[in-house]
Amino acid sequence: MKNIVIFGAPGAGKGTQSDRLIERYGMGHISTGDVLRTEIKNETELGKIAKEFIDKGQLIPDDLMVDILAKVYDGFGRSHKGVIFDGFPRTIAQAEALKQMLADRGDRVAAMIELAVPEDELMKRLLLRGQVSGRSDDNEETIQKRLDVYHKQTSPLIEWYDKEGVRYRIDGLGDLDRISADIFKVVDSL
């Protein structure tokens with residue numbers, strides 16, 4: 001079982017590369033963004049709470065996210081090939097909670113794959129995504145807030161996963177097929 005954290009700033013290509021990993025390896029996928037958007041769309045209690053945080057460009061409280069992820073992870077059953085965690089963890093506390101949640105099940109994170117992309121490119125990608133998808137959180141002001149949160153709260157995970165010995169840095173700028181091939185080399189080596 002190869003559980004993978006796909007990591008990077010908003011707009012780094014986590015969703016795109018997750019889709020390619022799923023296609024190639026048949027892995028499960030947990031996208032916190034998709035899970036939260038579904039909750040918001042369905043106007044669940046969690047969705048209402050999550051919307052307040054997202055609209056302000058803030059992170060969802062850890063206890064809520066870990067509970068959601070554990071439920072979704074367990075839904076894959078024990079015979080899955082691994083799960084891609086897309087958009088989680090975003091803080092060291094979340095990484096520690098994920099590590100414990102997986103350890104409680106006899107599992108672990110096999111790799112944290114970091115997609116490194118320059119900030120000016122991230123802004124271009126996210127503004128374009130907002131125009132194409134109509135996502136209300138892909139506007140310049142909210143994007144800047146999300147990037148600020150990433151730098152302050154999320155980027156320390158790079159060092160944390162490095163110390164865990166499972167961090168792999170991938171240049172996330174350039175040809176999609178080359179980026180995917182670099183990621184596949186990492187996964188094949190696990």
# chains A, B, ... in the order shown; residues from 1 in each chain; ligands from 1

$ residues_around --residues "segment 138-152 of chain A" --least-positions-apart "3" --cutoff "10 Å" --atoms "only C-alpha atoms" --output "list in words"
Gly8, Ala9, Pro10, Gly11, Ile54, Asp55, Lys56, Gly57, Gln58, Leu59, Arg90, Thr91, Glu119, Leu122, Met123, Lys124, Arg125, Leu126, Leu127, Leu128, Arg129, Gly130, Gln131, Ser133, Gly134, Arg135, Ser155 and Pro156 of chain A

$ residues_around --residues "segment 27-29 of chain A" --least-positions-apart "5" --cutoff "10 Å" --atoms "only C-alpha atoms" --output "PDB file with all heavy atoms, in the first residue's frame"
ATOM      1  N   MET A   1       0.843  -1.180   0.000  1.00  0.00           N
ATOM      2  CA  MET A   1       0.000   0.000   0.000  1.00  0.00           C
ATOM      3  C   MET A   1       0.885   1.238   0.000  1.00  0.00           C
ATOM      4  O   MET A   1       1.795   1.346   0.808  1.00  0.00           O
ATOM      5  CB  MET A   1      -0.873  -0.038   1.253  1.00  0.00           C
ATOM      6  CG  MET A   1      -1.754   1.134   1.409  1.00  0.00           C
ATOM      7  SD  MET A   1      -2.772   1.067   2.900  1.00  0.00           S
ATOM      8  CE  MET A   1      -3.394  -0.596   2.865  1.00  0.00           C
ATOM      9  N   LYS A   2       0.642   2.137  -0.942  1.00  0.00           N
ATOM     10  CA  LYS A   2       1.454   3.335  -1.091  1.00  0.00           C
ATOM     11  C   LYS A   2       0.592   4.571  -0.862  1.00  0.00           C
ATOM     12  O   LYS A   2       0.021   5.108  -1.802  1.00  0.00           O
ATOM     13  CB  LYS A   2       2.078   3.385  -2.484  1.00  0.00           C
ATOM     14  CG  LYS A   2       3.025   2.246  -2.781  1.00  0.00           C
ATOM     15  CD  LYS A   2       3.544   2.324  -4.205  1.00  0.00           C
ATOM     16  CE  LYS A   2       4.481   1.173  -4.510  1.00  0.00           C
ATOM     17  NZ  LYS A   2       5.027   1.236  -5.868  1.00  0.00           N
ATOM     18  N   ASN A   3       0.496   5.016   0.383  1.00  0.00           N
ATOM     19  CA  ASN A   3      -0.217   6.256   0.661  1.00  0.00           C
ATOM     20  C   ASN A   3       0.696   7.422   0.351  1.00  0.00           C
ATOM     21  O   ASN A   3       1.852   7.446   0.763  1.00  0.00           O
ATOM     22  CB  ASN A   3      -0.663   6.299   2.122  1.00  0.00           C
ATOM     23  CG  ASN A   3      -1.745   5.284   2.410  1.00  0.00           C
ATOM     24  OD1 ASN A   3      -2.660   5.101   1.620  1.00  0.00           O
ATOM     25  ND2 ASN A   3      -1.640   4.614   3.534  1.00  0.00           N
ATOM     26  N   ILE A   4       0.165   8.374  -0.405  1.00  0.00           N
ATOM     27  CA  ILE A   4       0.964   9.493  -0.886  1.00  0.00           C
ATOM     28  C   ILE A   4       0.278  10.808  -0.533  1.00  0.00           C
ATOM     29  O   ILE A   4      -0.924  10.965  -0.745  1.00  0.00           O
ATOM     30  CB  ILE A   4       1.154   9.403  -2.410  1.00  0.00           C
ATOM     31  CG1 ILE A   4       1.987   8.167  -2.745  1.00  0.00           C
ATOM     32  CG2 ILE A   4       1.778  10.670  -2.976  1.00  0.00           C
ATOM     33  CD1 ILE A   4       2.062   7.847  -4.202  1.00  0.00           C
ATOM     34  N   GLY A  15      -4.271  18.472  -8.185  1.00  0.00           N
ATOM     35  CA  GLY A  15      -5.420  17.749  -8.721  1.00  0.00           C
ATOM     36  C   GLY A  15      -5.115  17.062 -10.040  1.00  0.00           C
ATOM     37  O   GLY A  15      -5.457  15.890 -10.245  1.00  0.00           O
ATOM     38  N   SER A  18      -2.787  14.181  -9.350  1.00  0.00           N
ATOM     39  CA  SER A  18      -3.523  13.129  -8.650  1.00  0.00           C
ATOM     40  C   SER A  18      -4.315  12.289  -9.640  1.00  0.00           C
ATOM     41  O   SER A  18      -4.320  11.060  -9.554  1.00  0.00           O
ATOM     42  CB  SER A  18      -4.474  13.741  -7.608  1.00  0.00           C
ATOM     43  OG  SER A  18      -3.755  14.328  -6.545  1.00  0.00           O
ATOM     44  N   ASP A  19      -4.980  12.950 -10.591  1.00  0.00           N
ATOM     45  CA  ASP A  19      -5.750  12.225 -11.615  1.00  0.00           C
ATOM     46  C   ASP A  19      -4.848  11.272 -12.393  1.00  0.00           C
ATOM     47  O   ASP A  19      -5.235  10.135 -12.694  1.00  0.00           O
ATOM     48  CB  ASP A  19      -6.425  13.202 -12.582  1.00  0.00           C
ATOM     49  CG  ASP A  19      -7.568  13.983 -11.951  1.00  0.00           C
ATOM     50  OD1 ASP A  19      -8.036  13.584 -10.860  1.00  0.00           O
ATOM     51  OD2 ASP A  19      -7.980  15.000 -12.538  1.00  0.00           O
ATOM     52  N   LEU A  21      -2.008   9.909 -11.330  1.00  0.00           N
ATOM     53  CA  LEU A  21      -1.622   8.808 -10.436  1.00  0.00           C
ATOM     54  C   LEU A  21      -2.744   7.779 -10.311  1.00  0.00           C
ATOM     55  O   LEU A  21      -2.498   6.573 -10.329  1.00  0.00           O
ATOM     56  CB  LEU A  21      -1.260   9.355  -9.049  1.00  0.00           C
ATOM     57  CG  LEU A  21       0.106  10.016  -8.928  1.00  0.00           C
ATOM     58  CD1 LEU A  21       0.178  10.846  -7.652  1.00  0.00           C
ATOM     59  CD2 LEU A  21       1.207   8.973  -8.963  1.00  0.00           C
ATOM     60  N   ILE A  22      -3.970   8.257 -10.193  1.00  0.00           N
ATOM     61  CA  ILE A  22      -5.129   7.360 -10.082  1.00  0.00           C
ATOM     62  C   ILE A  22      -5.233   6.498 -11.333  1.00  0.00           C
ATOM     63  O   ILE A  22      -5.424   5.282 -11.258  1.00  0.00           O
ATOM     64  CB  ILE A  22      -6.423   8.178  -9.875  1.00  0.00           C
ATOM     65  CG1 ILE A  22      -6.392   8.868  -8.509  1.00  0.00           C
ATOM     66  CG2 ILE A  22      -7.661   7.301 -10.024  1.00  0.00           C
ATOM     67  CD1 ILE A  22      -7.389  10.007  -8.380  1.00  0.00           C
ATOM     68  N   VAL A  72     -13.488   8.877   5.180  1.00  0.00           N
ATOM     69  CA  VAL A  72     -13.307   8.637   3.748  1.00  0.00           C
ATOM     70  C   VAL A  72     -12.246   7.555   3.524  1.00  0.00           C
ATOM     71  O   VAL A  72     -12.437   6.644   2.709  1.00  0.00           O
ATOM     72  CB  VAL A  72     -12.938   9.944   3.006  1.00  0.00           C
ATOM     73  CG1 VAL A  72     -12.657   9.681   1.539  1.00  0.00           C
ATOM     74  CG2 VAL A  72     -14.055  10.972   3.144  1.00  0.00           C
ATOM     75  N   TYR A  73     -11.134   7.633   4.260  1.00  0.00           N
ATOM     76  CA  TYR A  73     -10.055   6.642   4.136  1.00  0.00           C
ATOM     77  C   TYR A  73     -10.577   5.236   4.441  1.00  0.00           C
ATOM     78  O   TYR A  73     -10.317   4.298   3.684  1.00  0.00           O
ATOM     79  CB  TYR A  73      -8.902   7.009   5.078  1.00  0.00           C
ATOM     80  CG  TYR A  73      -7.701   6.108   4.958  1.00  0.00           C
ATOM     81  CD1 TYR A  73      -6.762   6.314   3.948  1.00  0.00           C
ATOM     82  CD2 TYR A  73      -7.486   5.058   5.843  1.00  0.00           C
ATOM     83  CE1 TYR A  73      -5.648   5.496   3.819  1.00  0.00           C
ATOM     84  CE2 TYR A  73      -6.368   4.241   5.725  1.00  0.00           C
ATOM     85  CZ  TYR A  73      -5.462   4.455   4.723  1.00  0.00           C
ATOM     86  OH  TYR A  73      -4.363   3.639   4.590  1.00  0.00           O
ATOM     87  N   GLY A  75     -13.451   4.172   4.114  1.00  0.00           N
ATOM     88  CA  GLY A  75     -14.389   3.766   3.067  1.00  0.00           C
ATOM     89  C   GLY A  75     -13.734   3.028   1.915  1.00  0.00           C
ATOM     90  O   GLY A  75     -14.407   2.324   1.156  1.00  0.00           O
ATOM     91  N   PHE A  76     -12.411   3.152   1.770  1.00  0.00           N
ATOM     92  CA  PHE A  76     -11.704   2.428   0.704  1.00  0.00           C
ATOM     93  C   PHE A  76     -11.495   0.954   1.052  1.00  0.00           C
ATOM     94  O   PHE A  76     -11.120   0.167   0.193  1.00  0.00           O
ATOM     95  CB  PHE A  76     -10.343   3.071   0.406  1.00  0.00           C
ATOM     96  CG  PHE A  76     -10.443   4.400  -0.292  1.00  0.00           C
ATOM     97  CD1 PHE A  76     -10.117   5.569   0.376  1.00  0.00           C
ATOM     98  CD2 PHE A  76     -10.874   4.486  -1.604  1.00  0.00           C
ATOM     99  CE1 PHE A  76     -10.212   6.801  -0.262  1.00  0.00           C
ATOM    100  CE2 PHE A  76     -10.975   5.704  -2.250  1.00  0.00           C
ATOM    101  CZ  PHE A  76     -10.645   6.866  -1.577  1.00  0.00           C
ATOM    102  N   HIS A  80      -7.136  -1.674  -0.544  1.00  0.00           N
ATOM    103  CA  HIS A  80      -6.793  -0.655  -1.541  1.00  0.00           C
ATOM    104  C   HIS A  80      -5.285  -0.619  -1.809  1.00  0.00           C
ATOM    105  O   HIS A  80      -4.489  -1.089  -1.007  1.00  0.00           O
ATOM    106  CB  HIS A  80      -7.319   0.722  -1.124  1.00  0.00           C
ATOM    107  CG  HIS A  80      -6.740   1.274   0.145  1.00  0.00           C
ATOM    108  ND1 HIS A  80      -5.531   1.913   0.195  1.00  0.00           N
ATOM    109  CD2 HIS A  80      -7.213   1.284   1.405  1.00  0.00           C
ATOM    110  CE1 HIS A  80      -5.282   2.291   1.423  1.00  0.00           C
ATOM    111  NE2 HIS A  80      -6.288   1.918   2.191  1.00  0.00           N
ATOM    112  N   LYS A  81      -4.922  -0.044  -2.971  1.00  0.00           N
ATOM    113  CA  LYS A  81      -3.511   0.014  -3.391  1.00  0.00           C
ATOM    114  C   LYS A  81      -2.780   1.201  -2.778  1.00  0.00           C
ATOM    115  O   LYS A  81      -1.571   1.330  -2.928  1.00  0.00           O
ATOM    116  CB  LYS A  81      -3.444   0.112  -4.911  1.00  0.00           C
ATOM    117  CG  LYS A  81      -3.996  -1.113  -5.614  1.00  0.00           C
ATOM    118  CD  LYS A  81      -3.975  -0.939  -7.114  1.00  0.00           C
ATOM    119  CE  LYS A  81      -4.534  -2.190  -7.770  1.00  0.00           C
ATOM    120  NZ  LYS A  81      -4.525  -2.099  -9.217  1.00  0.00           N
ATOM    121  N   GLY A  82      -3.520   2.038  -2.108  1.00  0.00           N
ATOM    122  CA  GLY A  82      -2.974   3.254  -1.530  1.00  0.00           C
ATOM    123  C   GLY A  82      -3.916   4.407  -1.810  1.00  0.00           C
ATOM    124  O   GLY A  82      -4.794   4.307  -2.662  1.00  0.00           O
ATOM    125  N   VAL A  83      -3.719   5.477  -1.067  1.00  0.00           N
ATOM    126  CA  VAL A  83      -4.581   6.645  -1.193  1.00  0.00           C
ATOM    127  C   VAL A  83      -3.710   7.879  -1.388  1.00  0.00           C
ATOM    128  O   VAL A  83      -2.665   8.023  -0.757  1.00  0.00           O
ATOM    129  CB  VAL A  83      -5.474   6.804   0.065  1.00  0.00           C
ATOM    130  CG1 VAL A  83      -6.228   8.126   0.045  1.00  0.00           C
ATOM    131  CG2 VAL A  83      -6.454   5.641   0.178  1.00  0.00           C
ATOM    132  N   ILE A  84      -4.170   8.751  -2.269  1.00  0.00           N
ATOM    133  CA  ILE A  84      -3.521  10.034  -2.479  1.00  0.00           C
ATOM    134  C   ILE A  84      -4.251  11.056  -1.612  1.00  0.00           C
ATOM    135  O   ILE A  84      -5.465  11.221  -1.741  1.00  0.00           O
ATOM    136  CB  ILE A  84      -3.607  10.467  -3.954  1.00  0.00           C
ATOM    137  CG1 ILE A  84      -2.955   9.427  -4.851  1.00  0.00           C
ATOM    138  CG2 ILE A  84      -2.986  11.840  -4.146  1.00  0.00           C
ATOM    139  CD1 ILE A  84      -3.366   9.541  -6.298  1.00  0.00           C
ATOM    140  N   PHE A  85      -3.512  11.701  -0.737  1.00  0.00           N
ATOM    141  CA  PHE A  85      -4.054  12.794   0.066  1.00  0.00           C
ATOM    142  C   PHE A  85      -3.720  14.094  -0.646  1.00  0.00           C
ATOM    143  O   PHE A  85      -2.562  14.462  -0.758  1.00  0.00           O
ATOM    144  CB  PHE A  85      -3.472  12.772   1.487  1.00  0.00           C
ATOM    145  CG  PHE A  85      -3.914  11.582   2.281  1.00  0.00           C
ATOM    146  CD1 PHE A  85      -3.171  10.412   2.285  1.00  0.00           C
ATOM    147  CD2 PHE A  85      -5.096  11.620   3.002  1.00  0.00           C
ATOM    148  CE1 PHE A  85      -3.579   9.300   3.000  1.00  0.00           C
ATOM    149  CE2 PHE A  85      -5.521  10.510   3.721  1.00  0.00           C
ATOM    150  CZ  PHE A  85      -4.764   9.353   3.721  1.00  0.00           C
ATOM    151  N   ASP A  86      -4.742  14.766  -1.135  1.00  0.00           N
ATOM    152  CA  ASP A  86      -4.615  15.953  -1.984  1.00  0.00           C
ATOM    153  C   ASP A  86      -5.201  17.144  -1.221  1.00  0.00           C
ATOM    154  O   ASP A  86      -6.400  17.211  -1.012  1.00  0.00           O
ATOM    155  CB  ASP A  86      -5.390  15.669  -3.278  1.00  0.00           C
ATOM    156  CG  ASP A  86      -5.499  16.849  -4.215  1.00  0.00           C
ATOM    157  OD1 ASP A  86      -5.031  17.942  -3.897  1.00  0.00           O
ATOM    158  OD2 ASP A  86      -6.093  16.652  -5.294  1.00  0.00           O
TER     159      ASP A  86
END

$ select_by_dssp --residues "chain A" --states "strand (DSSP E or B)" --output "MDAnalysis selection string"
chainID A and resid 3:7 28:31 83:86 109:116 167:171

$ write_last_selection --atoms "N, CA, C and O atoms" --output "compact mmCIF listing (two decimals), in the first residue's frame"
# COMPACT_ATOMS: atom_id res chain seq x y z
N ASN A 3 0.50 5.02 0.38
CA ASN A 3 -0.22 6.26 0.66
C ASN A 3 0.70 7.42 0.35
O ASN A 3 1.85 7.45 0.76
N ILE A 4 0.16 8.37 -0.40
CA ILE A 4 0.96 9.49 -0.89
C ILE A 4 0.28 10.81 -0.53
O ILE A 4 -0.92 10.96 -0.75
N VAL A 5 1.06 11.74 -0.02
CA VAL A 5 0.60 13.11 0.15
C VAL A 5 1.10 13.88 -1.06
O VAL A 5 2.32 13.93 -1.30
N ILE A 6 0.18 14.42 -1.86
CA ILE A 6 0.58 15.26 -2.98
C ILE A 6 0.52 16.69 -2.45
O ILE A 6 -0.47 17.11 -1.88
N PHE A 7 1.64 17.39 -2.57
CA PHE A 7 1.83 18.62 -1.82
C PHE A 7 2.26 19.76 -2.74
O PHE A 7 3.00 19.55 -3.70
N GLY A 28 -6.75 5.18 -4.49
CA GLY A 28 -7.86 5.99 -4.00
C GLY A 28 -7.42 7.44 -3.95
O GLY A 28 -6.23 7.75 -4.02
N HIS A 29 -8.37 8.34 -3.82
CA HIS A 29 -8.05 9.77 -3.84
C HIS A 29 -8.93 10.48 -2.83
O HIS A 29 -10.14 10.30 -2.84
N ILE A 30 -8.29 11.25 -1.97
CA ILE A 30 -9.04 12.09 -1.04
C ILE A 30 -8.59 13.52 -1.28
O ILE A 30 -7.47 13.90 -0.94
N SER A 31 -9.46 14.30 -1.90
CA SER A 31 -9.20 15.72 -2.10
C SER A 31 -10.03 16.48 -1.09
O SER A 31 -11.26 16.48 -1.16
N VAL A 83 -3.72 5.48 -1.07
CA VAL A 83 -4.58 6.65 -1.19
C VAL A 83 -3.71 7.88 -1.39
O VAL A 83 -2.67 8.02 -0.76
N ILE A 84 -4.17 8.75 -2.27
CA ILE A 84 -3.52 10.03 -2.48
C ILE A 84 -4.25 11.06 -1.61
O ILE A 84 -5.46 11.22 -1.74
N PHE A 85 -3.51 11.70 -0.74
CA PHE A 85 -4.05 12.79 0.07
C PHE A 85 -3.72 14.09 -0.65
O PHE A 85 -2.56 14.46 -0.76
N ASP A 86 -4.74 14.77 -1.13
CA ASP A 86 -4.62 15.95 -1.98
C ASP A 86 -5.20 17.14 -1.22
O ASP A 86 -6.40 17.21 -1.01
N VAL A 109 2.35 7.08 5.57
CA VAL A 109 2.58 7.84 4.34
C VAL A 109 3.89 7.32 3.76
O VAL A 109 4.93 7.35 4.42
N ALA A 110 3.84 6.83 2.52
CA ALA A 110 5.04 6.31 1.86
C ALA A 110 5.85 7.44 1.22
O ALA A 110 7.07 7.34 1.12
N ALA A 111 5.17 8.50 0.77
CA ALA A 111 5.86 9.61 0.12
C ALA A 111 5.04 10.88 0.21
O ALA A 111 3.81 10.84 0.11
N MET A 112 5.75 11.99 0.40
CA MET A 112 5.17 13.32 0.25
C MET A 112 5.81 13.87 -1.03
O MET A 112 7.02 14.04 -1.10
N ILE A 113 5.00 14.03 -2.06
CA ILE A 113 5.50 14.51 -3.34
C ILE A 113 5.17 15.99 -3.44
O ILE A 113 4.01 16.38 -3.53
N GLU A 114 6.23 16.80 -3.40
CA GLU A 114 6.10 18.26 -3.42
C GLU A 114 6.21 18.77 -4.85
O GLU A 114 7.22 18.57 -5.51
N LEU A 115 5.15 19.44 -5.31
CA LEU A 115 5.17 20.08 -6.62
C LEU A 115 5.60 21.53 -6.42
O LEU A 115 4.86 22.34 -5.86
N ALA A 116 6.82 21.86 -6.83
CA ALA A 116 7.39 23.18 -6.64
C ALA A 116 7.12 24.05 -7.87
O ALA A 116 7.53 23.70 -8.97
N ARG A 167 10.04 12.95 1.82
CA ARG A 167 9.80 14.09 0.93
C ARG A 167 10.54 13.91 -0.40
O ARG A 167 11.72 13.59 -0.42
N TYR A 168 9.80 14.16 -1.49
CA TYR A 168 10.36 14.12 -2.84
C TYR A 168 9.93 15.40 -3.54
O TYR A 168 8.74 15.64 -3.70
N ARG A 169 10.91 16.22 -3.96
CA ARG A 169 10.61 17.49 -4.63
C ARG A 169 10.58 17.27 -6.14
O ARG A 169 11.50 16.71 -6.71
N ILE A 170 9.50 17.73 -6.76
CA ILE A 170 9.31 17.63 -8.21
C ILE A 170 9.15 19.05 -8.75
O ILE A 170 8.36 19.84 -8.23
N ASP A 171 9.87 19.37 -9.83
CA ASP A 171 9.71 20.66 -10.49
C ASP A 171 8.33 20.64 -11.16
O ASP A 171 8.10 19.88 -12.10

$ select_by_dssp --residues "segment 96-182 of chain A" --states "helix (DSSP H, G or I)" --output "PyMOL selection string"
chain A and resi 96-103+119-133+140-154+156-164+176-182

$ atom_distance --atom1 "atom CA of Met65 of chain A" --atom2 "atom CA of Thr38 of chain A"
13.8 Å
